[in-house]
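Containing mmCIF, C-alpha atoms and all ligand atoms: protein_11.cif.
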data_input
loop_
_atom_site.label_atom_id
_atom_site.label_comp_id
_atom_site.auth_asym_id
_atom_site.auth_seq_id
_atom_site.Cartn_x
_atom_site.Cartn_y
_atom_site.Cartn_z
CA MET A 2 103.54 134.60 150.48
CA TYR A 3 106.02 135.87 147.93
CA PRO A 4 105.28 135.89 144.26
CA GLU A 5 107.55 133.57 142.36
CA LYS A 6 110.67 135.36 141.31
CA LYS A 7 110.77 135.98 137.59
CA THR A 8 113.87 136.93 135.71
CA ILE A 9 113.76 140.46 134.36
CA LEU A 10 116.00 141.27 131.43
CA ASN A 11 118.32 144.29 131.40
CA TYR A 12 117.79 144.85 135.10
CA GLY A 13 121.32 146.08 135.67
CA ILE A 14 124.45 147.18 133.87
CA LEU A 15 128.08 146.37 134.59
CA SER A 16 130.23 149.20 133.32
CA SER A 17 133.96 149.80 133.57
CA ILE A 18 135.84 152.85 134.80
CA SER A 19 139.53 153.68 135.30
CA TRP A 20 141.31 152.71 138.49
CA ASN A 21 141.55 155.41 141.15
CA SER A 22 143.91 154.82 144.05
CA ASN A 23 141.97 157.30 146.18
CA ASN A 24 138.83 155.16 146.21
CA TRP A 25 137.16 157.40 143.61
CA ALA A 26 136.83 160.18 146.14
CA ASP A 27 139.72 162.40 145.05
CA HIS A 28 142.13 163.10 142.19
CA PRO A 29 143.75 160.06 140.60
CA THR A 30 147.46 159.57 141.17
CA ASP A 31 149.93 160.06 138.32
CA GLU A 32 150.31 156.32 138.25
CA ASP A 33 146.55 155.91 137.88
CA LEU A 34 146.53 158.24 134.90
CA LYS A 35 149.34 156.35 133.21
CA ALA A 36 147.73 152.98 133.83
CA SER A 37 144.31 153.95 132.48
CA LYS A 38 143.09 152.01 129.47
CA TYR A 39 141.29 155.03 128.17
CA ASN A 40 143.12 157.28 125.78
CA TYR A 41 141.13 160.28 126.87
CA VAL A 42 142.35 159.86 130.43
CA LYS A 43 145.95 159.44 129.30
CA ASP A 44 145.91 162.29 126.84
CA ASN A 45 144.18 164.78 129.09
CA ALA A 46 145.44 163.59 132.47
CA HIS A 47 141.84 163.86 133.49
CA MET A 48 139.47 161.23 134.83
CA HIS A 49 135.84 162.27 135.17
CA GLU A 50 135.10 159.17 137.25
CA SER A 51 137.56 160.33 139.92
CA LEU A 52 134.73 161.36 142.23
CA ASN A 53 132.28 158.52 141.57
CA PHE A 54 132.27 157.44 145.20
CA GLY A 55 132.96 160.80 146.79
CA HIS A 56 129.27 161.28 147.52
CA ASP A 57 129.94 161.47 151.28
CA ASN A 58 132.51 164.25 150.87
CA PHE A 59 131.21 166.36 148.02
CA PRO A 60 127.96 168.27 147.55
CA VAL A 61 124.98 166.92 145.65
CA GLU A 62 123.19 168.97 143.03
CA GLU A 63 120.06 170.98 143.60
CA ASP A 64 117.82 168.02 142.75
CA GLY A 65 119.50 165.93 145.46
CA TYR A 66 121.36 163.77 142.97
CA TYR A 67 125.07 163.07 142.96
CA ILE A 68 126.75 162.95 139.56
CA GLY A 69 129.14 160.23 138.47
CA TYR A 70 130.69 159.08 135.27
CA THR A 71 131.57 156.05 133.21
CA PRO A 72 133.39 156.28 129.88
CA MET A 73 131.06 153.56 128.64
CA PHE A 74 128.08 155.91 128.65
CA ASN A 75 129.63 158.48 126.37
CA ARG A 76 127.60 156.70 123.80
CA PRO A 77 124.60 156.30 126.08
CA PRO A 78 122.85 152.95 126.41
CA ASP A 79 119.65 152.65 124.43
CA VAL A 80 116.78 154.18 126.41
CA GLU A 81 114.28 151.54 125.42
CA ASN A 82 116.65 148.67 126.29
CA SER A 83 117.53 150.29 129.59
CA ARG A 84 114.13 151.06 130.98
CA ASN A 85 114.30 148.23 133.53
CA VAL A 86 117.77 149.08 134.76
CA GLN A 87 117.79 149.47 138.55
CA VAL A 88 121.49 149.23 139.29
CA VAL A 89 124.68 150.20 137.48
CA PHE A 90 127.72 148.41 138.89
CA PHE A 91 131.20 149.81 138.30
CA THR A 92 134.10 147.54 137.59
CA SER A 93 137.76 148.46 137.38
CA SER A 94 141.14 146.76 136.99
CA ASP A 95 143.65 147.27 139.77
CA PHE A 96 146.97 147.68 137.96
CA LYS A 97 148.82 147.30 141.25
CA LYS A 98 147.36 143.84 141.69
CA PHE A 99 148.12 142.33 138.31
CA ASN A 100 145.08 143.98 136.79
CA ARG A 101 142.79 142.10 139.09
CA LYS A 102 139.26 143.02 138.05
CA THR A 103 136.86 144.01 140.80
CA ILE A 104 133.38 145.40 141.15
CA ILE A 105 133.79 148.36 143.43
CA GLY A 106 130.24 149.47 144.03
CA PHE A 107 127.09 150.62 142.31
CA TYR A 108 124.60 153.40 141.66
CA GLY A 109 121.10 152.26 142.58
CA PHE A 110 118.05 153.63 140.74
CA PRO A 111 120.36 155.58 138.46
CA VAL A 112 119.50 158.24 135.92
CA PHE A 113 121.59 158.22 132.75
CA GLY A 114 121.42 158.81 129.02
CA GLU A 115 122.66 162.40 128.93
CA TRP A 116 125.40 164.66 130.28
CA PHE A 117 124.96 166.21 133.70
CA THR A 118 126.88 169.30 134.76
CA ARG A 119 128.01 169.76 138.35
CA LYS A 120 126.62 173.13 139.37
CA SER A 121 127.22 172.83 143.10
CA LYS A 122 130.23 174.61 144.49
CA HIS A 123 133.36 172.64 145.24
CA GLU A 124 136.99 173.13 144.36
CA LEU A 125 137.23 169.71 142.71
CA TYR A 126 134.11 170.35 140.64
CA LYS A 127 136.14 172.87 138.66
CA THR A 128 138.23 169.99 137.36
CA TYR A 129 135.58 167.30 137.34
CA SER A 130 132.71 169.34 136.05
CA ARG A 131 130.38 166.79 134.60
CA GLY A 132 129.22 163.22 134.37
CA ASN A 133 126.77 160.95 132.60
CA ILE A 134 125.06 159.05 135.40
CA LYS A 135 123.50 160.20 138.65
CA ALA A 136 121.84 158.71 141.72
CA LEU A 137 120.76 159.76 145.17
CA PRO A 138 123.66 159.48 147.68
CA GLU A 139 121.75 156.96 149.78
CA ASP A 140 121.63 154.68 146.72
CA ILE A 141 125.31 155.02 145.90
CA ILE A 142 127.07 152.11 147.52
CA TYR A 143 130.81 151.63 147.71
CA PHE A 144 132.09 148.19 148.62
CA GLN A 145 134.93 148.43 151.15
CA ASN A 146 135.58 144.84 150.15
CA PRO A 147 135.15 144.71 146.39
CA ILE A 148 133.90 141.70 144.47
CA VAL A 149 136.83 140.17 142.66
CA ILE A 150 135.70 138.82 139.33
CA ASN A 151 137.21 136.70 136.64
CA ASN A 152 135.58 134.56 134.00
CA GLU A 153 135.48 131.54 136.29
CA ILE A 154 133.90 133.33 139.23
CA VAL A 155 131.42 134.90 136.87
CA GLN A 156 130.39 131.49 135.54
CA THR A 157 130.21 129.69 138.87
CA ASN A 158 128.12 132.40 140.48
CA ASN A 159 125.98 133.29 137.48
CA LEU A 160 126.98 136.93 137.49
CA LEU A 161 126.81 137.65 133.78
CA PRO A 162 124.72 136.50 130.83
CA GLU A 163 125.74 133.05 129.68
CA GLY A 164 128.57 132.93 127.21
CA LYS A 165 129.48 136.54 127.94
CA LYS A 166 132.99 137.30 129.01
CA ILE A 167 133.66 140.32 131.12
CA SER A 168 134.24 143.02 128.63
CA GLN A 169 137.54 144.83 129.01
CA GLN A 170 136.14 148.08 127.79
CA GLY A 171 132.43 148.29 127.55
CA PHE A 172 129.37 147.41 129.47
CA ASN A 173 127.27 144.34 129.97
CA TYR A 174 123.57 144.19 130.56
CA LEU A 175 122.68 142.02 133.53
CA ASN A 176 119.38 140.28 134.14
CA SER A 177 117.73 140.36 137.54
CA ASP A 178 119.37 137.06 138.57
CA HIS A 179 122.81 138.49 137.93
CA VAL A 180 121.97 141.65 139.84
CA TYR A 181 120.56 139.59 142.70
CA ASN A 182 123.63 137.36 142.80
CA LEU A 183 126.03 140.28 142.70
CA ILE A 184 124.30 142.07 145.53
CA LYS A 185 124.19 138.85 147.52
CA LEU A 186 127.94 138.46 147.03
CA ALA A 187 128.52 142.07 147.98
CA LEU A 188 126.48 141.58 151.14
CA SER A 189 128.43 138.51 152.13
CA LEU A 190 131.71 140.39 151.61
CA ASN A 191 130.50 143.53 153.37
CA PRO A 192 128.26 142.34 156.20
CA SER A 193 128.57 145.55 158.19
CA ASN A 194 127.87 147.92 155.29
CA SER A 195 124.65 149.42 156.62
CA LYS A 196 124.03 151.46 153.49
CA LEU A 197 124.10 148.32 151.41
CA LYS A 198 121.69 146.66 153.83
CA ASN A 199 119.34 149.63 153.66
CA PHE A 200 119.44 149.53 149.91
CA VAL A 201 118.65 145.83 149.87
CA GLU A 202 115.58 146.46 151.98
CA LYS A 203 114.01 148.75 149.45
CA PHE A 204 115.15 146.82 146.45
CA PRO A 205 112.01 145.22 145.06
CA LEU A 206 113.42 141.97 143.83
CA ILE A 207 115.44 141.09 146.89
CA GLU A 208 112.83 141.76 149.49
CA LYS A 209 113.08 138.07 150.24
CA LEU A 210 116.81 138.23 150.61
CA ALA A 211 116.36 141.12 153.01
CA LYS A 212 114.06 138.97 155.07
CA GLU A 213 116.57 136.17 155.27
CA GLU A 214 119.55 138.34 155.97
CA PHE A 215 118.06 140.70 158.47
CA ASP A 216 116.37 140.18 161.71
CA LEU A 217 112.71 140.30 160.91
CA GLN A 218 111.65 138.14 163.79
CA ASP A 219 110.70 141.26 165.74
CA PHE A 220 108.56 142.39 162.90
CA ILE A 221 106.69 139.11 162.69
CA GLY A 222 106.31 139.17 166.46
CA ILE A 223 104.53 142.47 166.17
CA ILE A 224 102.26 141.88 163.24
CA GLY A 225 101.50 138.25 164.06
CA ASP A 226 100.50 135.95 161.25
CA THR A 227 98.22 138.37 159.50
CA THR A 228 98.55 138.83 155.78
CA ALA A 229 97.21 142.39 156.04
CA ASP A 230 95.07 141.63 153.06
CA THR A 231 91.79 142.92 154.42
CA LEU A 232 90.87 146.32 155.75
CA LYS A 233 90.10 144.65 159.10
CA ASP A 234 93.62 143.22 159.26
CA ILE A 235 95.03 146.62 158.53
CA GLU A 236 92.91 148.24 161.20
CA LYS A 237 94.26 145.75 163.72
CA LEU A 238 97.81 146.37 162.55
CA GLU A 239 97.33 150.05 162.96
CA LYS A 240 96.49 149.58 166.61
CA LYS A 241 99.47 147.33 167.17
CA MET A 242 101.69 149.78 165.45
CA LYS A 243 101.28 152.49 168.04
CA GLY A 244 104.46 153.09 169.92
CA GLN A 245 106.58 151.06 167.54
CA PRO A 246 109.83 152.53 166.31
CA PRO A 247 109.73 154.19 162.87
CA GLU A 248 111.70 151.38 161.29
CA ILE A 249 109.03 148.86 162.22
CA LYS A 250 106.29 151.17 160.96
CA GLN A 251 108.15 151.50 157.71
CA ARG A 252 108.31 147.75 157.37
CA ILE A 253 104.66 147.32 158.12
CA SER A 254 103.89 149.91 155.50
CA LYS A 255 105.97 148.05 152.95
CA TYR A 256 104.29 144.82 153.92
CA ILE A 257 100.92 146.34 153.18
CA GLU A 258 102.13 147.96 149.98
CA ARG A 259 102.95 144.48 148.67
CA GLY A 260 99.76 142.84 149.80
CA ALA A 261 96.33 142.18 148.39
CA ILE A 262 94.97 145.61 149.34
CA SER A 263 97.62 147.27 147.31
CA LYS A 264 96.88 144.97 144.39
CA LYS A 265 93.24 145.91 144.65
CA VAL A 266 94.08 149.59 144.71
CA LYS A 267 96.28 149.29 141.66
CA LYS A 268 93.57 147.50 139.79
CA LEU A 269 90.95 150.03 140.87
CA ASN A 270 93.12 152.79 139.56
CA ASN A 271 93.64 150.94 136.30
CA TYR A 272 97.42 150.67 136.86
CA LYS A 273 97.74 154.38 136.25
CA CYS A 274 99.97 156.93 137.91
CA SER A 275 97.64 159.52 139.44
CA ILE A 276 100.20 162.28 139.05
CA CYS A 277 101.04 161.51 135.43
CA GLU A 278 97.34 161.43 134.72
CA GLU A 279 96.72 164.75 136.43
CA LEU A 280 99.59 166.29 134.50
CA GLY A 281 98.24 164.86 131.27
CA ASN A 282 101.40 162.83 130.71
CA SER A 283 101.33 159.34 129.44
CA THR A 284 102.97 157.17 132.07
CA ASN A 285 106.34 156.00 130.85
CA SER A 286 106.18 152.96 133.09
CA PHE A 287 106.89 149.59 131.54
CA VAL A 288 104.45 146.76 130.98
CA LYS A 289 105.02 143.66 133.07
CA ARG A 290 104.93 140.11 131.80
CA ASN A 291 101.37 139.72 133.03
CA GLY A 292 100.33 142.61 130.81
CA ASN A 293 99.72 145.14 133.59
CA THR A 294 101.64 148.38 133.70
CA TYR A 295 104.21 148.49 136.49
CA ILE A 296 102.91 150.78 139.20
CA GLU A 297 103.62 151.40 142.88
CA THR A 298 101.47 152.41 145.83
CA HIS A 299 102.37 155.25 148.12
CA HIS A 300 101.17 156.12 151.62
CA VAL A 301 100.42 159.83 151.38
CA GLU A 302 100.60 160.60 155.09
CA PRO A 303 103.87 159.00 156.13
CA VAL A 304 103.29 155.81 158.04
CA SER A 305 105.73 157.00 160.69
CA THR A 306 103.22 159.62 161.82
CA VAL A 307 100.97 156.90 163.34
CA LYS A 308 97.95 159.04 162.63
CA ILE A 309 94.87 156.87 162.66
CA GLY A 310 93.97 155.94 159.12
CA VAL A 311 97.51 156.19 157.90
CA LEU A 312 97.49 152.59 156.76
CA SER A 313 94.00 152.66 155.37
CA ILE A 314 93.20 152.46 151.73
CA THR A 315 92.22 156.13 151.49
CA ASN A 316 95.77 157.06 152.36
CA LEU A 317 97.09 155.14 149.37
CA MET A 318 97.67 156.43 145.91
CA THR A 319 99.11 154.73 142.86
CA VAL A 320 102.12 156.28 141.20
CA CYS A 321 104.79 155.44 138.67
CA ALA A 322 108.25 154.67 140.07
CA ASN A 323 109.52 158.09 139.09
CA HIS A 324 106.73 160.04 140.76
CA HIS A 325 106.94 157.74 143.76
CA ARG A 326 110.53 158.78 144.28
CA GLN A 327 109.64 162.39 143.67
CA LEU A 328 106.98 162.21 146.38
CA HIS A 329 109.61 160.98 148.81
CA PHE A 330 112.61 163.04 147.78
CA GLY A 331 111.35 165.86 145.59
CA ASN A 332 110.09 169.33 146.21
CA VAL A 333 106.62 168.24 147.30
CA ASP A 334 104.18 169.54 149.90
CA LEU A 335 100.85 168.05 150.83
CA ILE A 336 98.66 171.10 151.44
CA GLU A 337 95.23 169.53 151.68
CA ASN A 338 93.91 166.16 152.76
CA THR A 339 90.14 166.08 152.64
CA GLU A 340 87.65 163.27 152.54
CA LYS A 341 87.66 163.24 148.75
CA PHE A 342 91.08 164.38 147.61
CA PHE A 343 94.70 165.23 148.28
CA THR A 344 96.25 168.47 147.07
CA PHE A 345 99.98 168.63 146.53
CA ILE A 346 102.31 171.39 145.49
CA ILE A 347 104.87 169.68 143.30
CA ASP A 348 107.61 171.97 142.05
CA GLU A 349 105.31 174.94 142.58
CA GLN A 350 102.51 173.34 140.62
CA LYS A 351 99.25 172.58 142.37
CA ILE A 352 98.06 169.04 141.77
CA ARG A 353 94.83 167.60 143.03
CA ILE A 354 94.44 163.84 143.28
CA GLU A 355 91.11 162.19 143.89
CA LYS A 356 91.15 159.62 146.64
CA ILE A 357 90.54 155.99 145.97
CA ASN A 358 86.99 154.93 146.59
CA ILE A 359 86.44 151.27 147.23
CA SER A 360 82.78 151.27 148.08
ZN ZN B 1 103.88 159.38 137.23
ZN ZN B 2 105.89 155.88 149.16
#

As structure tokens, how would this structure be written, given the file I've shared?
Amino acid sequence: MYPEKKTILNYGILSSISWNSNNWADHPTDEDLKASKYNYVKDNAHMHESLNFGHDNFPVEEDGYYIGYTPMFNRPPDVENSRNVQVVFFTSSDFKKFNRKTIIGFYGFPVFGEWFTRKSKHELYKTYSRGNIKALPEDIIYFQNPIVINNEIVQTNNLLPEGKKISQQGFNYLNSDHVYNLIKLALSLNPSNSKLKNFVEKFPLIEKLAKEEFDLQDFIGIIGDTTADTLKDIEKLEKKMKGQPPEIKQRISKYIERGAISKKVKKLNNYKCSICEELGNSTNSFVKRNGNTYIETHHVEPVSTVKIGVLSITNLMTVCANHHRQLHFGNVDLIENTEKFFTFIIDEQKIRIEKINIS
């Protein structure tokens, strides 16, 4: 049922930051500042990364993103080499524990490559005014129990590219296997971290892991053994879905979005992002190994509404990963849903998308 897992290069980054005894949610201690390996931190008694995991305490920016920092991105990673990056893990050396190196958490679906200024109001933002990486708070995961790493652990668990030692100061690119293995380790160390679990569920490559780790028996009980690969199957599912909790509906939606119908829709739409096309942008999505452009499908009317037809093909549109996230989290209103098209207001711009026609 699952496509064979292929290794994707440069799927993640492991990047180091200074140690912060306040769990990166407050000022560093004087000791922290002295122990930092970074001259900038020592010289200026200032650590931009101090608030990297303060996303539960401090305000996000207007766009919903929370800003963090790693000294390693002052010279930003190459855009082209980083286009597949889904996760940036932060590693730090605990000087109080013999410089034990740990991975303390990550930013999922991060945006980086430039400086970001904190414009929201908070006392601490006066001191820590900017950063060079950002993510949505729900995708910023702090490990209460960090992953301790050393060169042996890294080798045994395949956490870094072969032959690579953990860099003391710098960052490593990780392939999808390394990312997968790190998240798996994090999960095993932090079994009750519900944010991490939620992240895993929407993480494309570890869908399978999510299925193993989390109780999906209920889900299978509801949908039966259907593959949801025909419109008839979907119609049946839609009926069964009535009265189910939103979480189940969400899962069913995802199940369909991965299935044959979705593949058909993507093909029909020529692997194009409907929004990019309407805006006249060339989609900046990457090309997969099979030669098709990477594209996602989106249910326009949220599946949780249980409106009839919500799961049907006419409620699907194809979008690039960026626009997909914008549809979910951005300033977007659906103002019209007719037989032939959807009309959205996206950041005050009216955008009309023709519906998919399979006949
Ligand atoms: Zn797009
Ligand atoms: Zn969606």

Neighbourhood of ligand ZN 2 (chain B) at 8 Å, counting all atoms listed in the file, reported as a ChimeraX atom specification: /A:298-301,303,325-326,328-329

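A straight line drawn from atom CA of Phe200 of chain A to atom CA of Asn53 of chain A is 17.8 Å long.
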
Separation of atom CA of Asn45 of chain A from atom CA of Ile14 of chain A, in Å and rounded to one decimal: 26.9 Å

Protein and nucleic acid residues within 8 Å of ligand ZN 1 (chain B) (only C-alpha atoms and all ligand atoms) as a list of chain:residue names: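 So, counting only C-alpha atoms and all ligand atoms, the residues near ligand ZN 1 (chain B) are A:Lys273, A:Cys274, A:Ser275, A:Ile276, A:Cys277, A:Glu278, A:Asn282, A:Thr284, A:Asn285, A:Ser286, A:Val320, A:Cys321, A:Ala322, A:Asn323, A:His324, A:His325.
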
Two-atom distance - atom CA of Tyr143 of chain A, atom CA of Asp79 of chain A (Å):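 That distance, rounded to one decimal, is 25.8 Å.
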
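Ranking A:Ser177, A:Ser37, A:Asn271, A:Thr315 by their shortest atom-to-atom distance to Glu340 of chain A, with only C-alpha atoms included, puts A:Thr315 first.
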
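Remark: for Asp178 of chain A, the closest of the candidate residues A:Ser263, A:Asn194, A:Asn159, A:Asn85 is A:Asn159 (distances computed over all atoms listed in the file).
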
Long-range neighbours of Ile354 of chain A as a ChimeraX atom specification, 10 Å cut-off, all atoms listed in the file, 5 positions minimum in chain: /A:275-276,278-279,318,338,341-345

Spatial neighbours of Ala136 of chain A, 7 Å, all atoms listed in the file, chain gap at least 4 places, as a ChimeraX atom specification: /A:66-68,108-112,140-141

Residue nearest Arg76 of chain A among A:Glu115, A:Val149, A:Phe59, A:Lys43 (counting all atoms listed in the file):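 Of all the options, A:Glu115 lies closest to Arg76 of chain A.
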